[in-house]
Every structure is written in structure tokens, then in C-alpha cells.
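What's in my_file_11.cif: mmCIF, C-alpha atoms
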```
data_work
#
loop_
_atom_site.label_atom_id
_atom_site.label_comp_id
_atom_site.auth_asym_id
_atom_site.auth_seq_id
_atom_site.Cartn_x
_atom_site.Cartn_y
_atom_site.Cartn_z
CA MET A 20 10.42 199.40 162.87
CA PRO A 21 12.34 196.53 164.41
CA SER A 22 9.38 195.60 166.54
CA THR A 23 7.10 195.68 163.53
CA THR A 24 9.44 193.35 161.61
CA VAL A 25 9.53 190.86 164.44
CA ALA A 26 5.75 190.89 164.68
CA ARG A 27 5.44 190.25 160.98
CA ASN A 28 7.90 187.32 161.21
CA ARG A 29 5.89 185.83 164.05
CA LEU A 30 2.66 186.09 162.04
CA VAL A 31 4.11 184.83 158.76
CA GLY A 32 6.30 181.99 160.16
CA PRO A 33 3.56 179.42 160.88
CA ARG A 34 1.95 180.02 157.49
CA GLN A 35 5.25 179.26 155.79
CA GLN A 36 5.49 175.93 157.64
CA LEU A 37 2.08 174.65 156.41
CA PRO A 38 3.24 173.82 152.87
CA VAL A 39 6.23 171.98 154.31
CA LEU A 40 3.99 169.87 156.57
CA ARG A 41 1.67 169.12 153.68
CA ARG A 42 4.63 167.97 151.61
CA LEU A 43 5.87 165.72 154.42
CA VAL A 44 2.43 164.17 154.89
CA GLY A 45 2.19 163.65 151.14
CA LEU A 46 5.58 161.93 151.03
CA VAL A 47 4.64 159.63 153.94
CA LEU A 48 1.35 158.65 152.29
CA LEU A 49 3.17 158.01 149.02
CA ALA A 50 5.75 155.83 150.75
CA VAL A 51 3.05 153.82 152.51
CA THR A 52 1.19 153.38 149.23
CA LEU A 53 4.31 152.27 147.35
CA SER A 54 5.36 149.84 150.09
CA SER A 55 1.93 148.26 150.51
CA ALA A 56 1.15 147.80 146.80
CA PRO A 57 3.77 145.02 146.20
CA LEU A 58 2.61 143.18 149.31
CA THR A 59 -0.95 143.09 148.01
CA ALA A 60 0.25 141.89 144.60
CA GLN A 61 2.38 139.19 146.18
CA GLU A 62 -0.59 137.81 148.11
CA ARG A 63 -2.72 137.62 144.96
CA SER A 64 -0.04 135.76 142.95
CA GLN A 65 0.96 133.35 145.73
CA ALA A 66 1.43 129.73 144.60
CA ARG A 67 2.31 126.66 146.62
CA LEU A 68 3.90 123.47 145.33
CA ILE A 69 3.92 120.26 147.38
CA LEU A 70 5.73 117.09 146.38
CA THR A 71 4.65 113.95 148.26
CA VAL A 72 6.01 110.41 148.32
CA ASN A 73 3.59 107.94 149.91
CA ALA A 74 3.40 104.23 150.62
CA GLY A 75 0.94 101.88 152.28
CA VAL A 76 -1.30 98.92 151.57
CA VAL A 77 -4.00 98.35 148.95
CA PHE A 78 -6.71 95.84 149.84
CA GLY A 79 -7.87 93.06 147.56
CA GLY A 80 -11.27 91.63 146.74
CA SER A 81 -13.23 89.15 144.65
CA LEU A 82 -13.17 89.40 140.85
CA TRP A 83 -15.31 86.56 139.49
CA SER A 84 -16.37 82.96 140.05
CA LEU A 85 -17.26 80.02 137.75
CA PRO A 86 -18.97 77.10 139.54
CA GLU A 87 -18.74 74.83 136.48
CA GLN A 88 -16.01 75.26 133.88
CA PRO A 89 -15.82 72.31 131.44
CA VAL A 90 -12.34 71.10 130.47
CA ALA A 91 -11.62 68.39 127.91
CA THR A 92 -10.65 65.10 129.56
CA ILE A 93 -7.06 64.25 128.70
CA GLY A 94 -6.86 60.89 126.93
CA VAL A 95 -10.64 60.44 126.63
CA ALA A 96 -11.96 61.84 123.33
CA GLY A 97 -15.26 63.71 123.47
CA SER A 98 -15.38 63.77 127.28
CA PHE A 99 -15.19 66.71 129.65
CA ASP A 100 -14.19 67.18 133.25
CA THR A 101 -15.59 70.05 135.32
CA LEU A 102 -13.68 72.54 137.44
CA SER A 103 -14.89 75.24 139.82
CA ILE A 104 -12.74 78.38 139.73
CA THR A 105 -12.85 81.49 141.91
CA ARG A 106 -10.54 84.43 141.28
CA ARG A 107 -9.67 87.35 143.56
CA LEU A 108 -7.05 90.08 143.92
CA THR A 109 -4.76 89.97 146.96
CA SER A 110 -3.70 92.87 149.15
CA GLY A 111 -0.34 94.41 148.31
CA LEU A 112 1.91 97.43 148.31
CA ALA A 113 0.52 100.82 147.33
CA ALA A 114 2.99 103.57 146.48
CA GLY A 115 2.84 106.88 144.69
CA LEU A 116 4.30 110.26 143.87
CA THR A 117 2.01 113.30 143.98
CA ALA A 118 2.58 116.90 142.92
CA SER A 119 0.03 119.45 144.18
CA LEU A 120 -0.07 123.06 143.02
CA PHE A 121 -2.29 125.40 145.07
CA THR A 122 -3.42 128.54 143.27
CA SER A 123 -5.43 129.65 146.30
CA LYS A 124 -5.42 128.89 150.00
CA HIS A 125 -7.97 126.09 149.65
CA LEU A 126 -8.03 124.84 146.07
CA GLY A 127 -5.23 123.18 144.13
CA PHE A 128 -4.45 120.92 141.19
CA THR A 129 -2.70 117.55 141.38
CA PHE A 130 -0.77 115.12 139.22
CA GLU A 131 -0.13 111.64 140.57
CA ALA A 132 1.66 108.46 139.51
CA ILE A 133 0.69 105.36 141.52
CA TYR A 134 1.66 101.70 141.77
CA LEU A 135 -0.61 98.96 143.13
CA GLY A 136 1.29 95.72 143.74
CA GLN A 137 -1.57 93.24 143.81
CA ASN A 138 -1.51 89.56 142.77
CA ILE A 139 -4.09 87.20 141.28
CA ASP A 140 -5.14 84.43 143.67
CA ASP A 141 -7.20 81.51 142.29
CA ASP A 142 -9.08 78.77 144.10
CA CYS A 143 -9.72 75.71 141.91
CA THR A 144 -11.57 72.52 142.86
CA VAL A 145 -12.49 69.48 140.75
CA VAL A 146 -16.23 68.90 140.40
CA THR A 147 -16.08 65.85 138.09
CA GLU A 148 -13.18 63.99 136.45
CA LEU A 149 -13.13 60.96 134.13
CA ASP A 150 -9.35 60.68 133.60
CA PRO A 151 -7.97 57.81 135.73
CA ARG A 152 -4.59 59.57 135.85
CA GLN A 153 -6.29 62.71 137.21
CA ARG A 154 -4.27 65.06 135.09
CA ASN A 155 -6.90 67.81 135.27
CA SER A 156 -6.66 67.50 139.04
CA GLN A 157 -2.97 68.32 138.66
CA VAL A 158 -3.91 71.31 136.53
CA CYS A 159 -6.41 72.44 139.16
CA ARG A 160 -3.91 72.11 142.02
CA SER A 161 -1.31 74.09 140.08
CA ILE A 162 -3.88 76.83 139.44
CA THR A 163 -4.55 77.09 143.17
CA ALA A 164 -0.85 77.10 144.03
CA LYS A 165 0.13 79.71 141.44
CA GLU A 166 0.10 83.42 142.20
CA THR A 167 0.31 85.77 139.20
CA SER A 168 1.20 89.44 139.38
CA ALA A 169 -1.62 91.87 138.63
CA ALA A 170 0.45 94.99 139.33
CA THR A 171 -1.16 98.19 138.12
CA SER A 172 0.36 101.56 137.30
CA GLY A 173 -1.85 104.62 137.16
CA PHE A 174 -1.54 108.25 136.12
CA TYR A 175 -4.05 110.80 137.42
CA VAL A 176 -4.80 114.52 137.23
CA GLY A 177 -7.41 116.32 139.29
CA GLY A 178 -8.18 118.75 142.06
CA VAL A 179 -7.65 118.91 145.81
CA TYR A 180 -9.42 121.00 148.46
CA ARG A 181 -7.98 121.59 151.94
CA PHE A 182 -10.33 122.85 154.63
CA THR A 183 -7.94 124.58 157.08
CA PRO A 184 -4.81 125.64 155.17
CA ALA A 185 -3.34 127.47 158.16
CA GLY A 186 -4.22 124.89 160.84
CA SER A 187 -1.98 122.50 162.73
CA ILE A 188 -4.00 119.70 161.08
CA MET A 189 -5.25 120.22 157.52
CA PRO A 190 -8.05 117.86 156.37
CA PHE A 191 -8.44 117.53 152.60
CA ILE A 192 -10.35 115.76 149.85
CA ARG A 193 -9.10 114.94 146.35
CA LEU A 194 -10.82 113.88 143.13
CA GLN A 195 -8.83 112.67 140.11
CA GLY A 196 -9.25 111.01 136.75
CA GLY A 197 -6.79 109.18 134.53
CA ILE A 198 -5.72 105.83 133.17
CA SER A 199 -4.43 102.57 134.64
CA ILE A 200 -2.09 100.09 132.98
CA ARG A 201 -2.08 96.43 134.02
CA GLY A 202 0.60 94.08 132.72
CA SER A 203 -1.37 90.83 132.94
CA SER A 204 -4.84 89.48 132.20
CA VAL A 205 -7.47 89.05 134.92
CA ILE A 206 -9.37 86.64 132.63
CA GLU A 207 -6.87 83.97 131.54
CA VAL A 208 -6.48 80.85 133.68
CA SER A 209 -3.84 78.17 133.08
CA GLY A 210 -2.07 75.35 134.92
CA VAL A 211 0.34 72.48 134.39
CA PHE A 212 0.31 68.68 134.55
CA ILE A 213 2.90 65.92 134.17
CA ASP A 214 2.49 63.63 131.16
CA GLU A 215 3.26 59.94 130.93
CA PHE A 216 6.90 60.72 130.04
CA GLY A 217 7.42 62.88 133.12
CA ASN A 218 7.38 66.15 131.20
CA VAL A 219 5.62 69.25 132.52
CA GLN A 220 2.88 70.37 130.14
CA ASP A 221 1.05 73.72 130.18
CA ARG A 222 -2.72 73.78 129.83
CA VAL A 223 -4.89 76.83 129.24
CA VAL A 224 -8.30 76.44 130.85
CA ILE A 225 -9.62 79.93 130.04
CA GLN A 226 -7.88 82.03 127.42
CA ASP A 227 -7.79 85.78 126.96
CA THR A 228 -6.63 87.29 123.68
CA GLU A 229 -6.21 90.82 125.05
CA GLY A 230 -3.66 90.35 127.84
CA ALA A 231 -2.35 93.65 129.21
CA THR A 232 -4.92 96.43 129.32
CA ILE A 233 -5.15 100.22 129.51
CA ALA A 234 -8.36 101.38 131.16
CA PRO A 235 -9.97 104.61 132.44
CA SER A 236 -9.77 105.13 136.19
CA LEU A 237 -10.96 107.46 138.93
CA GLY A 238 -9.33 108.33 142.23
CA ILE A 239 -11.11 109.59 145.36
CA ALA A 240 -9.11 110.38 148.49
CA ALA A 241 -9.57 111.95 151.90
CA GLY A 242 -7.08 112.51 154.65
CA MET A 243 -5.13 114.98 156.72
CA VAL A 244 -1.83 116.80 156.48
CA ILE A 245 0.25 117.49 159.59
CA PRO A 246 2.99 120.14 159.18
CA ILE A 247 6.17 119.20 161.04
CA SER A 248 8.19 122.25 159.93
CA PRO A 249 7.80 125.12 157.44
CA GLY A 250 9.15 122.95 154.65
CA TYR A 251 7.95 119.43 155.52
CA GLN A 252 4.65 117.67 156.16
CA VAL A 253 3.30 114.23 157.01
CA MET A 254 0.17 113.04 155.20
CA LEU A 255 -2.29 110.32 156.24
CA GLU A 256 -4.71 109.26 153.53
CA ILE A 257 -7.38 106.74 152.57
CA ARG A 258 -8.12 106.46 148.88
CA ASP A 259 -10.27 104.50 146.47
CA HIS A 260 -8.88 103.65 143.03
CA ILE A 261 -11.90 102.95 140.82
CA ILE A 262 -10.53 100.98 137.87
CA ARG A 263 -12.48 99.62 134.92
CA MET A 264 -11.89 95.89 134.51
CA GLN A 265 -13.34 92.78 132.86
CA ARG A 266 -14.82 89.76 134.63
CA VAL A 267 -15.98 86.34 133.45
CA THR A 268 -19.75 85.86 133.32
CA GLY A 269 -19.95 82.32 131.93
CA PRO A 270 -17.87 79.24 131.07
CA ALA A 271 -15.46 79.15 128.14
CA LEU A 272 -16.56 76.52 125.60
CA MET A 273 -14.62 74.66 122.89
CA GLY A 274 -11.39 76.60 123.46
CA GLN A 275 -13.07 79.98 122.89
CA PRO A 276 -12.69 83.04 125.16
CA PRO A 277 -15.41 83.21 127.83
CA PRO A 278 -18.21 85.79 127.87
CA THR A 279 -17.17 88.83 129.90
CA GLU A 280 -18.53 92.15 131.07
CA GLY A 281 -16.95 95.40 132.14
CA PHE A 282 -17.20 96.70 135.69
CA TYR A 283 -15.46 99.18 137.98
CA ASP A 284 -13.36 97.57 140.68
CA HIS A 285 -12.69 99.42 143.95
CA ALA A 286 -9.06 99.15 145.10
CA VAL A 287 -9.06 100.83 148.52
CA ALA A 288 -5.68 101.85 149.92
CA VAL A 289 -4.37 103.40 153.14
CA THR A 290 -1.11 105.32 152.82
CA VAL A 291 1.32 107.49 154.78
CA GLY A 292 3.17 110.23 152.92
CA PHE A 293 6.12 112.54 153.41
CA SER A 294 5.86 115.95 151.72
CA ILE A 295 8.35 118.62 150.75
CA VAL A 296 6.78 122.08 150.53
CA LEU A 297 8.05 124.72 148.10
CA GLU A 298 6.52 128.20 148.15
CA LYS A 299 6.98 131.15 145.81
CA LYS A 300 5.60 134.67 146.04
CA ARG A 301 5.90 136.45 142.74
CA GLY A 302 7.15 139.99 142.89
CA ARG A 303 9.26 139.48 146.03
CA ARG A 304 12.83 140.72 145.77
CA TYR A 305 15.41 138.71 147.59
#
```
Target format C-alpha cells, applied to this file:
Amino acid sequence: MPSTTVARNRLVGPRQQLPVLRRLVGLVLLAVTLSSAPLTAQERSQARLILTVNAGVVFGGSLWSLPEQPVATIGVAGSFDTLSITRRLTSGLAAGLTASLFTSKHLGFTFEAIYLGQNIDDDCTVVTELDPRQRNSQVCRSITAKETSAATSGFYVGGVYRFTPAGSIMPFIRLQGGISIRGSSVIEVSGVFIDEFGNVQDRVVIQDTEGATIAPSLGIAAGMVIPISPGYQVMLEIRDHIIRMQRVTGPALMGQPPPTEGFYDHAVAVTVGFSIVLEKKRGRRY
């Protein structure tokens, strides 16, 4: 009998262990499943926020030109002198603040506030003048010597695409739309002269009744981002601010505003930026 009992224990023992092994395997698989499910969810809900401060230079260009602008001759009734006026925008400071939110590894959304510190630069020459005191020549010289601010502020929203989000250098392109606000007119032209009593007198050669303007704008940019640490980046960028403006198409007559037309001006800028990177992974427990 004892030998029979031992034999039965030897035969039954391994069969009793099978359910235990199955339970252990089941618990391991369950643990792996529970531990991997949050990781997958975290990857799907990953978002990346980048705040960038940038500065550089925006390049100027020609705006409009009038080869013959008549101006009433001072002191000679019914007579007109003629001036030639060319207007351009100077180069200046470009600065901005950009927030980029990436909802995937490549594609993100951006909001940007920019400042373009350009000035108006005029070149005026006298074509004909009948005034013996040459007061319109004084006006013309003061127009050439004066530099008026044409600073522009812009606000843009759009999208950005980065080609190699995990690389040591990350090229990107960005397309944005928005508005630009300019605090001065690009149409009005005025100067000064000294009268017979030695007083300085203002003279408007071309007037503009609108003054400051709000206009639609586009922004196109391309560049590269260089990570310098997990939380900081350096950005090199070339951008084109396409801003709707007005330009003079003919002379102003009898004190009336001149004929104008709308066009899109290209304000190209090169900037260097410093970025702070903030990342969140939803579902992660800290």
C-alpha cells in the first residue's frame, strides 16, 4: 500500500502543477498588457510646445516713384514747380515671438507676433522751379533728409512642418496668415521751408487721408532647428512677410490725394532664434 500511494503521488503531482503554471503565465501576460497599454496611450496623446524669441534684420526695397510731381510755386499765383520723388523702405530690425504646438512628430500649429522696424526713405530732386527764393527746393531737400518710421506689427497663425523631428538638425517650413498694422502712411509726402520772417513752415506735397493701416498679410518661412539640450534649441530662419500695401501710380493734382493701387510687398528677413521646449505626455504619472 505505501508503495502504491507513492506511485500515485508521483503520477498526480505534475498534473496538479499545470493549473498553477497556467495561472502564472496568465498573470504575467496580464501584467505586460496592463503596463504596455498606458505607454501606447501616452505616445498617441503626446504634444510638444515650443516658445521661440527671435531677432534679425528685415531688408528694404522700392515702393514707388513719381518722375514729375507738380507743386504750386510759392509767391507766384497760378504757377507750378515740378519735383521728382522716389520712395523706398529701409532695412531694419526684425523681431518676433513664436509659439508652436506639435500634435504629431512632423506637423504643428503656430501663433506669432512680429515687429519690423523699417523706415521710409525718400529721394527728392527739383525738375523745374520758378520761385527766385527756391522755397520748394528747401521743401525737396527736407524731404530727402527726413526719415519717417514705417514700423509694422503683425500677428499670424498657421502651420509648421519639420522634416526630421528626431535629428541633430531639424529643417522646417512654415506657412502663416494674419494681419499687419502700420502706424504711418506710405503715401503722404511732406517737407518744410523757411519763410521771409525766418519761421519754419510745413508743406504737404502728397497727402493721404487714411494714415495708419491694417492689412492682410502672409508669412512664408524656412529654416533649421539645432537642439542644444533637451529643453533648449537654436533656430536659424529666412522668412518672407507678404504685406498688402498701397503705392502711388500718378501725380497728386490740385491738393487732392494721388491715384493709388494695392500690391503685395515682400519684406524678407533673416533671423536667429532661441527656443524653450516644453513637453507633456498625457496619462503619465509622476
CA of Trp83 in chain A to CA of Leu149 in chain A, straight-line distance in Å: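 We find that CA of Leu149 in chain A and CA of Trp83 in chain A lie 26.2 Å from each other.
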Residues within 10 Å of Arg160 in chain A, please, as a PDB file with C-alpha atoms, in the frame of the given file. Count all atoms listed in the file; anything in the same chain fewer than 5 positions from it doesn't count.
```pdb
ATOM      1  CA  ASP A 141      -7.200  81.510 142.290  1.00  0.00           C
ATOM      2  CA  ASP A 142      -9.080  78.770 144.100  1.00  0.00           C
ATOM      3  CA  CYS A 143      -9.720  75.710 141.910  1.00  0.00           C
ATOM      4  CA  THR A 144     -11.570  72.520 142.860  1.00  0.00           C
ATOM      5  CA  VAL A 145     -12.490  69.480 140.750  1.00  0.00           C
ATOM      6  CA  ARG A 154      -4.270  65.060 135.090  1.00  0.00           C
ATOM      7  CA  ASN A 155      -6.900  67.810 135.270  1.00  0.00           C
ATOM      8  CA  LYS A 165       0.130  79.710 141.440  1.00  0.00           C
ATOM      9  CA  GLY A 210      -2.070  75.350 134.920  1.00  0.00           C
ATOM     10  CA  VAL A 211       0.340  72.480 134.390  1.00  0.00           C
ATOM     11  CA  PHE A 212       0.310  68.680 134.550  1.00  0.00           C
TER      12      PHE A 212
END
```
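CA of Gln137 in chain A is positioned 21.9 Å from CA of Ala241 in chain A.
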If you count all atoms listed in the file, which residues fall within 10 Å of Arg263 in chain A, apart from same-chain ones fewer than 5 positions away, as a PDB file with C-alpha atoms, in the frame of the given file?
```
ATOM      1  CA  ILE A 198      -5.720 105.830 133.170  1.00  0.00           C
ATOM      2  CA  SER A 199      -4.430 102.570 134.640  1.00  0.00           C
ATOM      3  CA  THR A 232      -4.920  96.430 129.320  1.00  0.00           C
ATOM      4  CA  ILE A 233      -5.150 100.220 129.510  1.00  0.00           C
ATOM      5  CA  ALA A 234      -8.360 101.380 131.160  1.00  0.00           C
ATOM      6  CA  PRO A 235      -9.970 104.610 132.440  1.00  0.00           C
ATOM      7  CA  SER A 236      -9.770 105.130 136.190  1.00  0.00           C
ATOM      8  CA  LEU A 237     -10.960 107.460 138.930  1.00  0.00           C
ATOM      9  CA  GLY A 281     -16.950  95.400 132.140  1.00  0.00           C
ATOM     10  CA  PHE A 282     -17.200  96.700 135.690  1.00  0.00           C
ATOM     11  CA  TYR A 283     -15.460  99.180 137.980  1.00  0.00           C
ATOM     12  CA  ASP A 284     -13.360  97.570 140.680  1.00  0.00           C
ATOM     13  CA  HIS A 285     -12.690  99.420 143.950  1.00  0.00           C
TER      14      HIS A 285
END
```
Residue list as an mmCIF file with C-alpha atoms, in the coordinates of the input for point (-19.7, 90.6, 132.8), cut-off 10 Å, only C-alpha atoms:
```
data_model
loop_
_atom_site.group_PDB
_atom_site.id
_atom_site.type_symbol
_atom_site.label_atom_id
_atom_site.label_comp_id
_atom_site.auth_asym_id
_atom_site.auth_seq_id
_atom_site.Cartn_x
_atom_site.Cartn_y
_atom_site.Cartn_z
ATOM 1 C CA TRP A 83 -15.310 86.560 139.490
ATOM 2 C CA MET A 264 -11.890 95.890 134.510
ATOM 3 C CA GLN A 265 -13.340 92.780 132.860
ATOM 4 C CA ARG A 266 -14.820 89.760 134.630
ATOM 5 C CA VAL A 267 -15.980 86.340 133.450
ATOM 6 C CA THR A 268 -19.750 85.860 133.320
ATOM 7 C CA GLY A 269 -19.950 82.320 131.930
ATOM 8 C CA PRO A 277 -15.410 83.210 127.830
ATOM 9 C CA PRO A 278 -18.210 85.790 127.870
ATOM 10 C CA THR A 279 -17.170 88.830 129.900
ATOM 11 C CA GLU A 280 -18.530 92.150 131.070
ATOM 12 C CA GLY A 281 -16.950 95.400 132.140
ATOM 13 C CA PHE A 282 -17.200 96.700 135.690
#
```
Could you check how far CA of Leu297 in chain A sits from CA of Thr117 in chain A, in Å to one decimal?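 Distance reported for this atom pair: 13.6 Å.
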What residues come out when you apply the PyMOL selection byres ((chain A and resi 125-135) around 6) to this file, written as a list of chain:residue names?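 Applying the PyMOL selection byres ((chain A and resi 125-135) around 6) to the structure shown produces A:Leu112, A:Ala113, A:Ala114, A:Gly115, A:Leu116, A:Thr117, A:Ala118, A:Ser119, A:Leu120, A:Phe121, A:Thr122, A:Ser123, A:Lys124, A:Gly136, A:Gln137, A:Ala170, A:Thr171, A:Ser172, A:Gly173, A:Phe174, A:Tyr175, A:Val176, A:Gly177, A:Gly178, A:Val179, A:Tyr180, A:Arg181.
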Missing atoms of range 65-76 of chain A rebuilt to N, CA and C atoms, written as a PDB file, in the coordinates of the input:
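Saved to out03.pdb:
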```
ATOM      1  N   GLN A  65       0.317 134.397 144.947  1.00  0.00           N
ATOM      2  CA  GLN A  65       0.960 133.350 145.730  1.00  0.00           C
ATOM      3  C   GLN A  65       0.615 131.969 145.171  1.00  0.00           C
ATOM      4  N   ALA A  66       1.614 131.105 145.053  1.00  0.00           N
ATOM      5  CA  ALA A  66       1.430 129.730 144.600  1.00  0.00           C
ATOM      6  C   ALA A  66       2.201 128.814 145.529  1.00  0.00           C
ATOM      7  N   ARG A  67       1.668 127.606 145.712  1.00  0.00           N
ATOM      8  CA  ARG A  67       2.310 126.660 146.620  1.00  0.00           C
ATOM      9  C   ARG A  67       2.429 125.312 145.947  1.00  0.00           C
ATOM     10  N   LEU A  68       3.625 124.764 145.953  1.00  0.00           N
ATOM     11  CA  LEU A  68       3.900 123.470 145.330  1.00  0.00           C
ATOM     12  C   LEU A  68       4.308 122.463 146.385  1.00  0.00           C
ATOM     13  N   ILE A  69       3.640 121.298 146.401  1.00  0.00           N
ATOM     14  CA  ILE A  69       3.920 120.260 147.380  1.00  0.00           C
ATOM     15  C   ILE A  69       4.229 118.967 146.644  1.00  0.00           C
ATOM     16  N   LEU A  70       5.348 118.381 146.937  1.00  0.00           N
ATOM     17  CA  LEU A  70       5.730 117.090 146.380  1.00  0.00           C
ATOM     18  C   LEU A  70       5.644 116.044 147.481  1.00  0.00           C
ATOM     19  N   THR A  71       4.904 114.954 147.232  1.00  0.00           N
ATOM     20  CA  THR A  71       4.650 113.950 148.260  1.00  0.00           C
ATOM     21  C   THR A  71       5.009 112.560 147.748  1.00  0.00           C
ATOM     22  N   VAL A  72       5.753 111.833 148.552  1.00  0.00           N
ATOM     23  CA  VAL A  72       6.010 110.410 148.320  1.00  0.00           C
ATOM     24  C   VAL A  72       5.232 109.637 149.371  1.00  0.00           C
ATOM     25  N   ASN A  73       4.404 108.682 148.943  1.00  0.00           N
ATOM     26  CA  ASN A  73       3.590 107.940 149.910  1.00  0.00           C
ATOM     27  C   ASN A  73       3.671 106.455 149.660  1.00  0.00           C
ATOM     28  N   ALA A  74       3.392 105.688 150.696  1.00  0.00           N
ATOM     29  CA  ALA A  74       3.400 104.230 150.620  1.00  0.00           C
ATOM     30  C   ALA A  74       2.430 103.680 151.649  1.00  0.00           C
ATOM     31  N   GLY A  75       1.896 102.494 151.369  1.00  0.00           N
ATOM     32  CA  GLY A  75       0.940 101.880 152.280  1.00  0.00           C
ATOM     33  C   GLY A  75       0.488 100.532 151.738  1.00  0.00           C
ATOM     34  N   VAL A  76      -0.756 100.208 151.987  1.00  0.00           N
ATOM     35  CA  VAL A  76      -1.300  98.920 151.570  1.00  0.00           C
ATOM     36  C   VAL A  76      -2.585  99.135 150.788  1.00  0.00           C
TER      37      VAL A  76
END
```
